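Asker: The file below is entry-v1.tsv, TSV, C-alpha atoms:
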```tsv
chain	number	residue	atom	x	y	z
P	15	MET	CA	0.00	0.00	0.00
P	16	GLY	CA	1.01	3.63	-0.03
P	17	LYS	CA	2.31	5.87	2.70
P	18	GLU	CA	0.77	5.38	6.15
P	19	ILE	CA	-1.77	8.00	7.20
P	20	ARG	CA	-3.21	8.90	10.59
P	21	ILE	CA	-6.87	9.24	11.51
P	22	SER	CA	-8.39	9.74	14.95
P	23	PHE	CA	-10.12	6.96	16.88
P	24	LEU	CA	-13.60	8.47	16.59
P	25	LYS	CA	-13.15	9.17	12.88
P	26	ARG	CA	-12.03	5.60	12.24
P	27	LEU	CA	-14.91	4.33	14.37
P	28	LYS	CA	-17.41	6.24	12.22
P	29	MET	CA	-15.60	5.28	9.01
P	30	SER	CA	-15.56	1.59	9.97
P	31	ILE	CA	-19.34	1.53	10.42
P	32	PHE	CA	-20.70	3.87	7.75
P	33	ASP	CA	-18.07	4.40	5.02
P	34	PHE	CA	-17.34	1.22	3.08
P	35	ASP	CA	-15.85	3.30	0.28
P	36	LYS	CA	-13.16	4.64	2.65
P	37	TYR	CA	-11.80	1.30	3.82
P	38	HIS	CA	-8.80	1.83	1.53
P	39	ILE	CA	-7.83	4.70	3.87
P	40	ILE	CA	-8.05	2.30	6.82
P	41	ALA	CA	-5.84	-0.19	4.97
P	42	SER	CA	-3.34	2.60	4.28
P	43	GLU	CA	-3.17	3.55	7.95
P	44	GLY	CA	-0.95	0.58	8.78
P	45	LEU	CA	-1.19	-2.45	11.08
P	46	LYS	CA	0.34	-0.74	14.13
P	47	ARG	CA	-2.33	1.93	14.06
P	48	GLY	CA	-4.91	-0.82	13.55
P	49	ILE	CA	-3.73	-2.64	16.69
P	50	THR	CA	-3.90	0.61	18.66
P	51	TYR	CA	-7.45	1.12	17.37
P	52	LEU	CA	-8.38	-2.43	18.42
P	53	ILE	CA	-7.09	-1.90	21.96
P	54	LYS	CA	-9.07	1.36	22.27
P	55	LEU	CA	-12.18	-0.35	20.87
P	56	ILE	CA	-11.95	-3.18	23.40
P	57	MET	CA	-11.34	-0.65	26.19
P	58	LEU	CA	-14.52	1.15	25.11
P	59	PHE	CA	-16.40	-2.17	25.14
P	60	ALA	CA	-15.08	-3.09	28.61
P	61	ALA	CA	-15.89	0.39	29.94
P	62	ILE	CA	-19.49	0.19	28.67
P	63	ILE	CA	-20.04	-3.23	30.24
P	64	SER	CA	-18.33	-2.25	33.51
P	65	ILE	CA	-20.37	0.95	33.89
P	66	ALA	CA	-23.58	-0.94	33.12
P	67	MET	CA	-22.61	-3.61	35.64
P	68	ILE	CA	-21.96	-1.02	38.36
P	69	ILE	CA	-25.28	0.72	37.66
P	70	ARG	CA	-27.13	-2.58	37.79
P	71	LEU	CA	-25.34	-3.69	40.95
P	72	SER	CA	-26.07	-0.36	42.63
P	73	GLN	CA	-29.75	-0.84	41.82
P	74	LEU	CA	-29.72	-4.35	43.21
P	75	PHE	CA	-27.69	-3.18	46.17
P	76	ASP	CA	-30.23	-0.49	47.01
P	77	GLN	CA	-33.06	-2.97	46.58
P	78	GLY	CA	-31.26	-5.47	48.79
P	79	ILE	CA	-30.59	-2.93	51.51
P	80	GLN	CA	-34.20	-1.78	51.44
P	81	TYR	CA	-35.37	-5.39	51.59
P	82	PHE	CA	-32.99	-5.99	54.49
P	83	ILE	CA	-34.37	-2.95	56.32
P	84	ASP	CA	-38.00	-3.92	55.70
P	85	ASN	CA	-37.82	-7.66	56.32
P	86	SER	CA	-34.85	-8.61	58.46
P	87	PRO	CA	-35.23	-8.84	62.23
P	88	ASN	CA	-33.17	-6.68	64.55
P	89	PHE	CA	-29.96	-8.04	66.02
P	90	HIS	CA	-27.23	-6.92	68.39
P	91	PHE	CA	-24.29	-8.23	70.41
P	92	GLU	CA	-24.29	-8.89	74.16
P	93	ASN	CA	-21.23	-10.07	76.04
P	94	ASN	CA	-19.54	-10.90	72.73
P	95	GLN	CA	-22.46	-13.06	71.63
P	96	PHE	CA	-24.75	-12.58	68.67
P	97	VAL	CA	-28.42	-12.06	69.50
P	98	LEU	CA	-31.06	-12.32	66.76
P	99	GLU	CA	-34.37	-10.81	67.85
P	100	SER	CA	-36.36	-13.59	66.17
P	101	ASP	CA	-37.22	-17.19	66.90
P	102	ASN	CA	-36.39	-18.26	63.34
P	103	ASP	CA	-33.18	-18.12	61.33
P	104	TYR	CA	-32.92	-15.35	58.74
P	105	THR	CA	-31.19	-15.92	55.36
P	106	ILE	CA	-30.16	-13.52	52.59
P	107	GLU	CA	-29.37	-15.35	49.35
P	108	ASN	CA	-28.62	-14.32	45.76
P	109	HIS	CA	-27.74	-16.30	42.64
P	110	GLN	CA	-28.31	-13.83	39.83
P	111	TYR	CA	-25.23	-11.57	39.84
P	112	LEU	CA	-23.23	-12.24	43.01
P	113	ASN	CA	-23.55	-15.79	44.28
P	114	PHE	CA	-23.70	-15.37	48.04
P	115	LYS	CA	-25.60	-16.48	51.13
P	116	ILE	CA	-25.74	-14.80	54.55
P	117	VAL	CA	-27.35	-16.57	57.51
P	118	PHE	CA	-28.31	-15.16	60.94
P	119	THR	CA	-29.12	-17.67	63.71
P	120	ASN	CA	-29.29	-17.89	67.47
P	121	SER	CA	-28.00	-21.46	67.37
P	122	GLU	CA	-24.54	-22.36	68.65
P	123	GLU	CA	-23.79	-24.49	65.62
P	124	TYR	CA	-24.66	-24.55	61.91
P	125	SER	CA	-24.36	-27.44	59.45
P	126	GLU	CA	-21.01	-27.30	57.69
P	127	ASP	CA	-22.32	-29.70	55.02
P	128	GLU	CA	-25.03	-27.19	54.18
P	129	ILE	CA	-22.40	-24.45	53.96
P	130	ARG	CA	-20.19	-26.49	51.62
P	131	SER	CA	-23.15	-27.45	49.42
P	132	PHE	CA	-23.67	-23.81	48.47
P	133	ASP	CA	-21.62	-22.88	45.38
P	134	GLY	CA	-20.64	-19.35	46.37
P	135	LEU	CA	-19.73	-17.08	49.25
P	136	VAL	CA	-21.33	-18.09	52.57
P	137	ILE	CA	-21.28	-16.09	55.83
P	138	VAL	CA	-23.02	-17.50	58.88
P	139	PHE	CA	-23.48	-15.57	62.13
P	140	THR	CA	-24.09	-18.04	64.99
P	141	LYS	CA	-24.44	-17.27	68.67
P	142	SER	CA	-20.71	-17.50	69.48
P	143	HIS	CA	-18.80	-17.40	66.21
P	144	ILE	CA	-18.84	-16.53	62.51
P	145	LEU	CA	-18.33	-19.05	59.68
P	146	ILE	CA	-17.02	-18.00	56.27
P	147	LYS	CA	-16.68	-20.07	53.08
P	148	GLU	CA	-15.29	-18.38	50.00
P	149	GLU	CA	-16.58	-18.96	46.47
P	150	ASN	CA	-15.12	-21.98	44.64
P	151	SER	CA	-13.82	-23.37	47.91
P	152	THR	CA	-14.86	-26.03	50.42
P	153	SER	CA	-12.78	-24.88	53.37
P	154	ILE	CA	-14.57	-23.04	56.17
P	155	VAL	CA	-12.92	-20.34	58.27
P	156	THR	CA	-14.23	-20.01	61.83
P	157	GLN	CA	-13.71	-16.98	64.09
P	158	THR	CA	-15.16	-16.37	67.54
P	159	TYR	CA	-16.51	-12.99	68.50
P	160	GLU	CA	-13.91	-12.93	71.26
P	161	GLU	CA	-11.25	-12.81	68.57
P	162	ILE	CA	-13.07	-10.12	66.58
P	163	LYS	CA	-13.80	-7.74	69.48
P	164	ASP	CA	-10.22	-6.43	69.49
P	165	ASN	CA	-10.73	-4.98	66.01
P	166	VAL	CA	-14.45	-4.14	66.13
P	167	ASN	CA	-16.49	-2.69	68.95
P	168	LEU	CA	-19.27	-5.26	68.86
P	169	SER	CA	-21.42	-3.39	71.35
P	170	ASN	CA	-22.17	-0.83	68.62
P	171	VAL	CA	-22.99	-3.40	65.94
P	172	ASN	CA	-26.68	-3.79	65.19
P	173	LYS	CA	-29.06	-3.57	62.25
P	174	ASP	CA	-28.84	0.21	61.91
P	175	TYR	CA	-25.05	0.12	62.22
P	176	VAL	CA	-24.77	-2.37	59.35
P	177	VAL	CA	-27.10	-0.29	57.14
P	178	ASN	CA	-25.08	2.87	57.79
P	179	ILE	CA	-21.81	1.07	57.06
P	180	VAL	CA	-23.11	-0.43	53.83
P	181	ARG	CA	-24.52	2.90	52.63
P	182	GLY	CA	-21.44	4.90	53.59
P	183	ASP	CA	-18.08	5.46	51.90
P	184	ASN	CA	-17.37	1.74	51.98
P	185	ALA	CA	-20.07	1.21	49.37
P	186	TYR	CA	-18.34	3.55	46.91
P	187	LEU	CA	-15.00	1.84	47.50
P	188	LEU	CA	-16.71	-1.49	46.91
P	189	PHE	CA	-18.15	-0.31	43.58
P	190	VAL	CA	-14.79	1.14	42.50
P	191	ASN	CA	-13.12	-2.20	43.19
P	192	ILE	CA	-15.86	-4.07	41.35
P	193	PHE	CA	-15.51	-1.70	38.36
P	194	ILE	CA	-11.76	-2.30	38.15
P	195	ILE	CA	-12.16	-6.06	38.42
P	196	VAL	CA	-14.93	-6.21	35.79
P	197	PHE	CA	-13.10	-3.83	33.44
P	198	VAL	CA	-9.81	-5.75	33.52
P	199	SER	CA	-11.45	-9.17	33.22
P	200	MET	CA	-13.76	-8.08	30.37
P	201	PHE	CA	-10.90	-6.34	28.53
P	202	PHE	CA	-8.57	-9.34	28.43
P	203	ALA	CA	-11.30	-11.92	27.87
P	204	TYR	CA	-12.91	-10.01	24.99
P	205	LEU	CA	-9.54	-9.01	23.52
P	206	LEU	CA	-8.51	-12.65	23.26
P	207	THR	CA	-11.83	-13.63	21.68
P	208	THR	CA	-11.73	-10.72	19.23
P	209	VAL	CA	-8.16	-11.49	18.15
P	210	LEU	CA	-9.21	-15.05	17.28
P	211	TYR	CA	-12.16	-13.70	15.26
P	212	ILE	CA	-9.87	-11.23	13.48
P	213	PHE	CA	-7.47	-13.97	12.35
P	214	ALA	CA	-10.42	-15.98	11.04
P	215	LEU	CA	-11.67	-12.87	9.20
P	216	SER	CA	-8.23	-12.18	7.74
P	217	LEU	CA	-8.05	-15.69	6.27
P	218	LEU	CA	-11.40	-15.14	4.57
P	219	GLY	CA	-10.16	-11.75	3.37
P	220	MET	CA	-7.05	-13.35	1.85
P	221	ILE	CA	-9.16	-15.91	0.00
P	222	VAL	CA	-11.59	-13.30	-1.34
P	223	SER	CA	-8.86	-10.86	-2.38
P	224	ARG	CA	-6.95	-13.59	-4.25
P	225	PHE	CA	-10.13	-14.82	-5.89
P	226	ILE	CA	-11.02	-11.38	-7.27
P	227	ARG	CA	-7.33	-10.63	-7.99
P	228	LEU	CA	-7.03	-7.67	-5.68
P	229	PRO	CA	-3.38	-7.14	-4.65
P	230	LEU	CA	-3.67	-6.60	-0.89
P	231	LYS	CA	-0.94	-7.26	1.68
P	232	TYR	CA	-1.84	-9.47	4.63
P	233	SER	CA	-1.14	-6.59	7.03
P	234	ALA	CA	-3.69	-4.47	5.15
P	235	ILE	CA	-6.26	-7.28	5.34
P	236	LEU	CA	-5.63	-7.60	9.09
P	237	SER	CA	-6.24	-3.87	9.48
P	238	LEU	CA	-9.48	-4.17	7.49
P	239	SER	CA	-10.53	-7.16	9.64
P	240	ILE	CA	-10.00	-5.11	12.80
P	241	SER	CA	-12.25	-2.33	11.51
P	242	SER	CA	-14.87	-4.80	10.30
P	243	MET	CA	-15.28	-5.92	13.95
P	244	THR	CA	-16.32	-2.41	15.03
P	245	LEU	CA	-20.09	-2.65	14.55
P	246	SER	CA	-20.20	-6.21	15.91
P	247	THR	CA	-18.34	-5.13	19.06
P	248	LEU	CA	-20.66	-2.19	19.71
P	249	LEU	CA	-23.75	-4.31	19.03
P	250	ASN	CA	-22.45	-6.95	21.42
P	251	ALA	CA	-21.93	-4.30	24.10
P	252	ALA	CA	-25.48	-2.99	23.56
P	253	TYR	CA	-26.88	-6.53	23.69
P	254	LEU	CA	-25.07	-7.35	26.94
P	255	VAL	CA	-26.29	-4.12	28.53
P	256	ILE	CA	-29.90	-4.81	27.48
P	257	ASN	CA	-29.60	-8.38	28.72
P	258	LEU	CA	-28.17	-7.15	32.02
P	259	PHE	CA	-31.09	-4.83	32.70
P	260	THR	CA	-33.98	-6.73	31.12
P	261	GLY	CA	-32.88	-10.35	30.74
P	262	PHE	CA	-33.74	-10.15	27.01
P	263	VAL	CA	-32.06	-12.96	25.05
P	264	VAL	CA	-31.50	-13.16	21.27
P	265	PRO	CA	-31.02	-16.74	20.05
P	266	TYR	CA	-27.88	-17.30	17.95
P	267	PHE	CA	-26.73	-13.73	18.61
P	268	GLU	CA	-23.06	-14.77	18.54
P	269	MET	CA	-23.52	-16.25	15.06
P	270	MET	CA	-25.15	-13.06	13.79
P	271	TYR	CA	-22.49	-11.03	15.58
P	272	ILE	CA	-19.61	-12.60	13.67
P	273	LEU	CA	-21.62	-12.77	10.41
P	274	ILE	CA	-21.88	-8.96	10.41
P	275	SER	CA	-18.07	-8.75	10.49
P	276	TYR	CA	-17.75	-11.14	7.52
P	277	VAL	CA	-20.25	-9.07	5.51
P	278	TYR	CA	-18.41	-5.85	6.32
P	279	LEU	CA	-15.02	-7.26	5.31
P	280	ILE	CA	-16.21	-8.80	2.04
P	281	ALA	CA	-18.19	-5.67	1.11
P	282	ALA	CA	-15.16	-3.47	1.81
P	283	ILE	CA	-12.87	-5.63	-0.36
P	284	LEU	CA	-15.35	-5.70	-3.25
P	285	ILE	CA	-15.82	-1.92	-3.08
P	286	MET	CA	-12.04	-1.43	-3.06
P	287	ARG	CA	-11.78	-3.58	-6.18
P	288	SER	CA	-14.58	-1.60	-7.83
P	289	GLU	CA	-12.81	1.67	-7.01
P	290	ILE	CA	-9.55	0.38	-8.48
P	291	ILE	CA	-11.36	-0.63	-11.68
P	292	LYS	CA	-12.97	2.81	-11.89
P	293	LYS	CA	-9.58	4.47	-11.48
P	294	LYS	CA	-8.08	2.30	-14.21
P	295	ASP	CA	-10.97	3.12	-16.53
P	296	LYS	CA	-10.56	6.79	-15.73
P	297	ILE	CA	-6.85	6.64	-16.52
P	298	LYS	CA	-7.59	4.88	-19.81
P	299	ASP	CA	-10.15	7.53	-20.68
P	300	GLU	CA	-7.67	10.26	-19.86
P	301	ILE	CA	-5.02	8.62	-22.06
P	302	MET	CA	-7.50	8.26	-24.91
P	303	ASN	CA	-8.60	11.86	-24.51
P	304	LYS	CA	-4.98	12.98	-24.58
P	305	LYS	CA	-4.38	11.02	-27.78
P	306	LEU	CA	-7.52	12.44	-29.39
P	307	ASN	CA	-6.58	15.93	-28.30
P	308	SER	CA	-3.08	15.42	-29.69
P	309	LYS	CA	-4.46	14.33	-33.06
P	310	LYS	CA	-6.90	17.24	-33.09
P	311	LEU	CA	-4.04	19.59	-32.30
P	312	GLN	CA	-1.93	18.13	-35.11
P	313	ASN	CA	-4.79	18.45	-37.59
P	314	LYS	CA	-5.43	21.97	-36.45
P	315	ASN	CA	-1.76	22.86	-36.91
P	316	LYS	CA	-1.79	21.35	-40.40
P	317	GLU	CA	-4.87	23.34	-41.34
P	318	GLU	CA	-3.34	26.50	-39.93
P	319	ASN	CA	-0.12	25.88	-41.88
P	320	LYS	CA	-2.11	25.29	-45.06
P	321	GLU	CA	-4.09	28.45	-44.51
P	322	ASN	CA	-0.92	30.38	-43.85
P	323	LYS	CA	0.64	29.07	-47.08
P	324	GLU	CA	-2.43	30.06	-49.07
P	325	LYS	CA	-2.36	33.49	-47.46
P	326	ASP	CA	1.34	33.84	-48.29
P	327	LYS	CA	0.67	32.78	-51.87
P	328	LYS	CA	-2.16	35.28	-52.24
P	329	GLY	CA	0.01	37.91	-50.65
P	330	ASN	CA	2.83	37.27	-53.16
P	331	GLU	CA	0.41	37.43	-56.11
P	332	GLY	CA	-0.96	40.71	-54.80
P	333	LYS	CA	2.52	42.11	-54.51
P	334	GLU	CA	3.33	41.16	-58.13
P	335	GLU	CA	0.12	42.81	-59.34
P	336	ASN	CA	0.91	45.94	-57.38
P	337	LYS	CA	4.43	45.92	-58.79
P	338	SER	CA	3.20	45.66	-62.41
P	339	LYS	CA	0.68	48.41	-61.78
P	340	ASN	CA	3.37	50.58	-60.31
P	341	ASP	CA	5.66	49.96	-63.32
P	342	SER	CA	2.95	50.87	-65.84
P	343	GLY	CA	2.08	53.93	-63.83
P	344	LYS	CA	5.70	55.03	-63.80
P	345	GLU	CA	5.98	54.66	-67.62
P	346	LEU	CA	2.79	56.63	-68.12
P	347	LYS	CA	4.05	59.37	-65.88
P	348	LYS	CA	7.39	59.40	-67.66
P	349	SER	CA	5.74	59.79	-71.03
P	350	LYS	CA	3.71	62.70	-69.76
P	351	ASP	CA	6.73	64.38	-68.27
P	352	ASN	CA	8.86	63.97	-71.47
P	353	PRO	CA	6.76	64.87	-74.66
P	354	GLU	CA	9.75	64.87	-77.11
P	355	PRO	CA	9.72	61.27	-77.93
P	356	GLN	CA	6.05	61.58	-78.69
P	357	ALA	CA	6.62	64.50	-81.05
P	358	ASN	CA	9.38	62.57	-82.84
P	359	ILE	CA	7.03	59.71	-83.30
P	360	GLN	CA	4.42	62.06	-84.87
P	361	GLU	CA	7.01	63.59	-87.26
P	362	ASN	CA	8.11	60.23	-88.40
P	363	ASN	CA	4.53	59.33	-89.06
P	364	GLN	CA	4.02	62.48	-91.23
P	365	LYS	CA	7.15	61.76	-93.28
P	366	LEU	CA	5.96	58.35	-94.03
```
Could you show the structure in this file as structure tokens?
Answerer:
Amino acid sequence: MGKEIRISFLKRLKMSIFDFDKYHIIASEGLKRGITYLIKLIMLFAAIISIAMIIRLSQLFDQGIQYFIDNSPNFHFENNQFVLESDNDYTIENHQYLNFKIVFTNSEEYSEDEIRSFDGLVIVFTKSHILIKEENSTSIVTQTYEEIKDNVNLSNVNKDYVVNIVRGDNAYLLFVNIFIIVFVSMFFAYLLTTVLYIFALSLLGMIVSRFIRLPLKYSAILSLSISSMTLSTLLNAAYLVINLFTGFVVPYFEMMYILISYVYLIAAILIMRSEIIKKKDKIKDEIMNKKLNSKKLQNKNKEENKENKEKDKKGNEGKEENKSKNDSGKELKKSKDNPEPQANIQENNQKL
């Protein structure tokens, strides 16, 4: 291809979606710029998903806190022991976004088998100790309230205290941490998946370009493949956001998602070939026009030369006529000025 050019991220984003006829500019931008564009595109995708996730989690968090306020019994600590102001155990459980289970009980013990059977985070507050099982683990950590009291003033811990803690600055720190974790995980996971799709697209691009005899370098095809993933990536982000908030599912979306990229790449290559053919035809027309103009110019010069020769010929004839007229005029004038020869001629005529 020609010399590398530079276009901004937003301009390339718009060009990749709406301007098939400008994909030759994208190919000319170079593979390094294409990789930079891909990284920014995936960062945009990860940011959209992470922000949507935080918004959704904050909604669920607020709903959960309100449900906890409205439905959970009061509790407090006395003499380093947990007291639930209810005769029945109280459980908070979620499986939709964060897989966790929190249990409040006045019992001294709680079934460890039941804790291990839950596939997620489990926290159990019993009368004398707290049990914690992390997600994807079967080990249970046990701590007595005697051990915790050195770090936390348990006499202040109750239902209102927990609500205030959860709704305070700790909640924002929690959401910031969740955003970072989701962003990083989504970025690397989707980047790896997209790179695999891009290599598959580039192979198809090589086959199509060779079939239609379009001389494209593999680096240029890779750059085109990266841009052809733009609309699919944004549609995937929109679909995940909609699914996150509404649960709406589109069957075979992933198949349609990659099919859009194939259509974009093939359309771009065919348009590039069409543009090259148009340019060749235009050059041929220009060459033909130059030849025709050259012939017309030659014919015009010949006609002008012929006309000039005829004018010169007429001019010479006119000069000769003027010269003869001038000579006869001079002789007539001479005869008028000198009458003797005329008189001699008359005398000679009388003698005869």
Asker: For Leu217 in chain P, find every residue with an atom within 9 Å (counting only C-alpha atoms), except residues of its own chain fewer than 4 positions away, and show them as a PDB file with C-alpha atoms, in the coordinates of the input.
Answerer:
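This is the output file part-v4.pdb:
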```pdb
ATOM      1  CA  ILE P 212      -9.870 -11.230  13.480  1.00  0.00           C
ATOM      2  CA  PHE P 213      -7.470 -13.970  12.350  1.00  0.00           C
ATOM      3  CA  ILE P 221      -9.160 -15.910   0.000  1.00  0.00           C
ATOM      4  CA  VAL P 222     -11.590 -13.300  -1.340  1.00  0.00           C
ATOM      5  CA  TYR P 232      -1.840  -9.470   4.630  1.00  0.00           C
ATOM      6  CA  ILE P 235      -6.260  -7.280   5.340  1.00  0.00           C
ATOM      7  CA  LEU P 236      -5.630  -7.600   9.090  1.00  0.00           C
TER       8      LEU P 236
END
```
Asker: Using Å and a single decimal, report how far CA of Ser216 in chain P sits from CA of Tyr204 in chain P.
Answerer: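 So the two atoms, CA of Tyr204 in chain P and CA of Ser216 in chain P, lie 18.0 Å apart.
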Asker: Between CA of Arg181 in chain P and CA of Glu92 in chain P, what is the spacing in Å?
Answerer: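 The value is 24.5 Å.
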Asker: Would you work out the distance separating CA of Leu187 in chain P from CA of Asp164 in chain P, expressed in Å to one decimal?
Answerer: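 According to the coordinates, CA of Leu187 in chain P and CA of Asp164 in chain P are separated by 24.0 Å.
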Asker: Could you check which of P:Asn150, P:Thr50, P:Ser100, P:Ser239 is closest to Val209 in chain P, using all atoms listed in the file?
Answerer: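 Nearest candidate to Val209 in chain P out of P:Asn150, P:Thr50, P:Ser100, P:Ser239: P:Ser239.
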Asker: Hey, which of P:Met220, P:Leu71, P:Ala61, P:Ile79 ends up closest to Phe189 in chain P? Count all atoms listed in the file.
Answerer: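 Ranking P:Met220, P:Leu71, P:Ala61, P:Ile79 by distance to Phe189 in chain P, first place goes to P:Leu71.
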Asker: Taking all atoms listed in the file into account, name the residue in P:Ile146, P:Lys141, P:Asn170, P:Asp101 that is nearest to Ile129 in chain P.
Answerer: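 Under the stated criterion, the closest residue is P:Ile146.
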Asker: Can range 189-213 of chain P be brought up to N, CA and C atoms and written out as a PDB file, in the coordinates of the input?
Answerer:
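So the final result, stored in out35.pdb, reads:
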```pdb
ATOM      1  N   PHE P 189     -17.789  -0.431  44.993  1.00  0.00           N
ATOM      2  CA  PHE P 189     -18.150  -0.310  43.580  1.00  0.00           C
ATOM      3  C   PHE P 189     -16.935   0.023  42.711  1.00  0.00           C
ATOM      4  N   VAL P 190     -16.026   0.830  43.243  1.00  0.00           N
ATOM      5  CA  VAL P 190     -14.790   1.140  42.500  1.00  0.00           C
ATOM      6  C   VAL P 190     -13.983  -0.140  42.280  1.00  0.00           C
ATOM      7  N   ASN P 191     -13.860  -0.943  43.315  1.00  0.00           N
ATOM      8  CA  ASN P 191     -13.120  -2.200  43.190  1.00  0.00           C
ATOM      9  C   ASN P 191     -13.795  -3.153  42.210  1.00  0.00           C
ATOM     10  N   ILE P 192     -15.125  -3.206  42.286  1.00  0.00           N
ATOM     11  CA  ILE P 192     -15.860  -4.070  41.350  1.00  0.00           C
ATOM     12  C   ILE P 192     -15.667  -3.585  39.918  1.00  0.00           C
ATOM     13  N   PHE P 193     -15.716  -2.255  39.710  1.00  0.00           N
ATOM     14  CA  PHE P 193     -15.510  -1.700  38.360  1.00  0.00           C
ATOM     15  C   PHE P 193     -14.150  -2.100  37.817  1.00  0.00           C
ATOM     16  N   ILE P 194     -13.120  -1.960  38.606  1.00  0.00           N
ATOM     17  CA  ILE P 194     -11.760  -2.300  38.150  1.00  0.00           C
ATOM     18  C   ILE P 194     -11.672  -3.783  37.796  1.00  0.00           C
ATOM     19  N   ILE P 195     -12.223  -4.616  38.664  1.00  0.00           N
ATOM     20  CA  ILE P 195     -12.160  -6.060  38.420  1.00  0.00           C
ATOM     21  C   ILE P 195     -12.906  -6.441  37.143  1.00  0.00           C
ATOM     22  N   VAL P 196     -14.122  -5.900  36.982  1.00  0.00           N
ATOM     23  CA  VAL P 196     -14.930  -6.210  35.790  1.00  0.00           C
ATOM     24  C   VAL P 196     -14.253  -5.676  34.534  1.00  0.00           C
ATOM     25  N   PHE P 197     -13.742  -4.443  34.604  1.00  0.00           N
ATOM     26  CA  PHE P 197     -13.100  -3.830  33.440  1.00  0.00           C
ATOM     27  C   PHE P 197     -11.903  -4.647  32.968  1.00  0.00           C
ATOM     28  N   VAL P 198     -11.028  -5.004  33.890  1.00  0.00           N
ATOM     29  CA  VAL P 198      -9.810  -5.750  33.520  1.00  0.00           C
ATOM     30  C   VAL P 198     -10.173  -7.131  32.979  1.00  0.00           C
ATOM     31  N   SER P 199     -11.085  -7.822  33.658  1.00  0.00           N
ATOM     32  CA  SER P 199     -11.450  -9.170  33.220  1.00  0.00           C
ATOM     33  C   SER P 199     -12.149  -9.142  31.855  1.00  0.00           C
ATOM     34  N   MET P 200     -13.061  -8.184  31.653  1.00  0.00           N
ATOM     35  CA  MET P 200     -13.760  -8.080  30.370  1.00  0.00           C
ATOM     36  C   MET P 200     -12.798  -7.689  29.253  1.00  0.00           C
ATOM     37  N   PHE P 201     -11.858  -6.795  29.539  1.00  0.00           N
ATOM     38  CA  PHE P 201     -10.900  -6.340  28.530  1.00  0.00           C
ATOM     39  C   PHE P 201     -10.079  -7.509  27.997  1.00  0.00           C
ATOM     40  N   PHE P 202      -9.458  -8.259  28.884  1.00  0.00           N
ATOM     41  CA  PHE P 202      -8.570  -9.340  28.430  1.00  0.00           C
ATOM     42  C   PHE P 202      -9.360 -10.495  27.826  1.00  0.00           C
ATOM     43  N   ALA P 203     -10.497 -10.828  28.414  1.00  0.00           N
ATOM     44  CA  ALA P 203     -11.300 -11.920  27.870  1.00  0.00           C
ATOM     45  C   ALA P 203     -11.809 -11.588  26.476  1.00  0.00           C
ATOM     46  N   TYR P 204     -12.347 -10.379  26.293  1.00  0.00           N
ATOM     47  CA  TYR P 204     -12.910 -10.010  24.990  1.00  0.00           C
ATOM     48  C   TYR P 204     -11.802  -9.735  23.973  1.00  0.00           C
ATOM     49  N   LEU P 205     -10.658  -9.225  24.437  1.00  0.00           N
ATOM     50  CA  LEU P 205      -9.540  -9.010  23.520  1.00  0.00           C
ATOM     51  C   LEU P 205      -9.070 -10.323  22.915  1.00  0.00           C
ATOM     52  N   LEU P 206      -8.932 -11.343  23.749  1.00  0.00           N
ATOM     53  CA  LEU P 206      -8.510 -12.650  23.260  1.00  0.00           C
ATOM     54  C   LEU P 206      -9.510 -13.213  22.256  1.00  0.00           C
ATOM     55  N   THR P 207     -10.788 -13.133  22.588  1.00  0.00           N
ATOM     56  CA  THR P 207     -11.830 -13.630  21.680  1.00  0.00           C
ATOM     57  C   THR P 207     -11.832 -12.870  20.368  1.00  0.00           C
ATOM     58  N   THR P 208     -11.701 -11.560  20.435  1.00  0.00           N
ATOM     59  CA  THR P 208     -11.730 -10.720  19.230  1.00  0.00           C
ATOM     60  C   THR P 208     -10.531 -10.991  18.344  1.00  0.00           C
ATOM     61  N   VAL P 209      -9.367 -11.195  18.935  1.00  0.00           N
ATOM     62  CA  VAL P 209      -8.160 -11.490  18.150  1.00  0.00           C
ATOM     63  C   VAL P 209      -8.350 -12.786  17.358  1.00  0.00           C
ATOM     64  N   LEU P 210      -8.950 -13.793  17.980  1.00  0.00           N
ATOM     65  CA  LEU P 210      -9.210 -15.050  17.280  1.00  0.00           C
ATOM     66  C   LEU P 210     -10.175 -14.826  16.102  1.00  0.00           C
ATOM     67  N   TYR P 211     -11.220 -14.026  16.336  1.00  0.00           N
ATOM     68  CA  TYR P 211     -12.160 -13.700  15.260  1.00  0.00           C
ATOM     69  C   TYR P 211     -11.459 -12.947  14.132  1.00  0.00           C
ATOM     70  N   ILE P 212     -10.559 -12.049  14.486  1.00  0.00           N
ATOM     71  CA  ILE P 212      -9.870 -11.230  13.480  1.00  0.00           C
ATOM     72  C   ILE P 212      -8.989 -12.106  12.592  1.00  0.00           C
ATOM     73  N   PHE P 213      -8.298 -13.070  13.170  1.00  0.00           N
ATOM     74  CA  PHE P 213      -7.470 -13.970  12.350  1.00  0.00           C
ATOM     75  C   PHE P 213      -8.349 -14.802  11.416  1.00  0.00           C
TER      76      PHE P 213
END
```
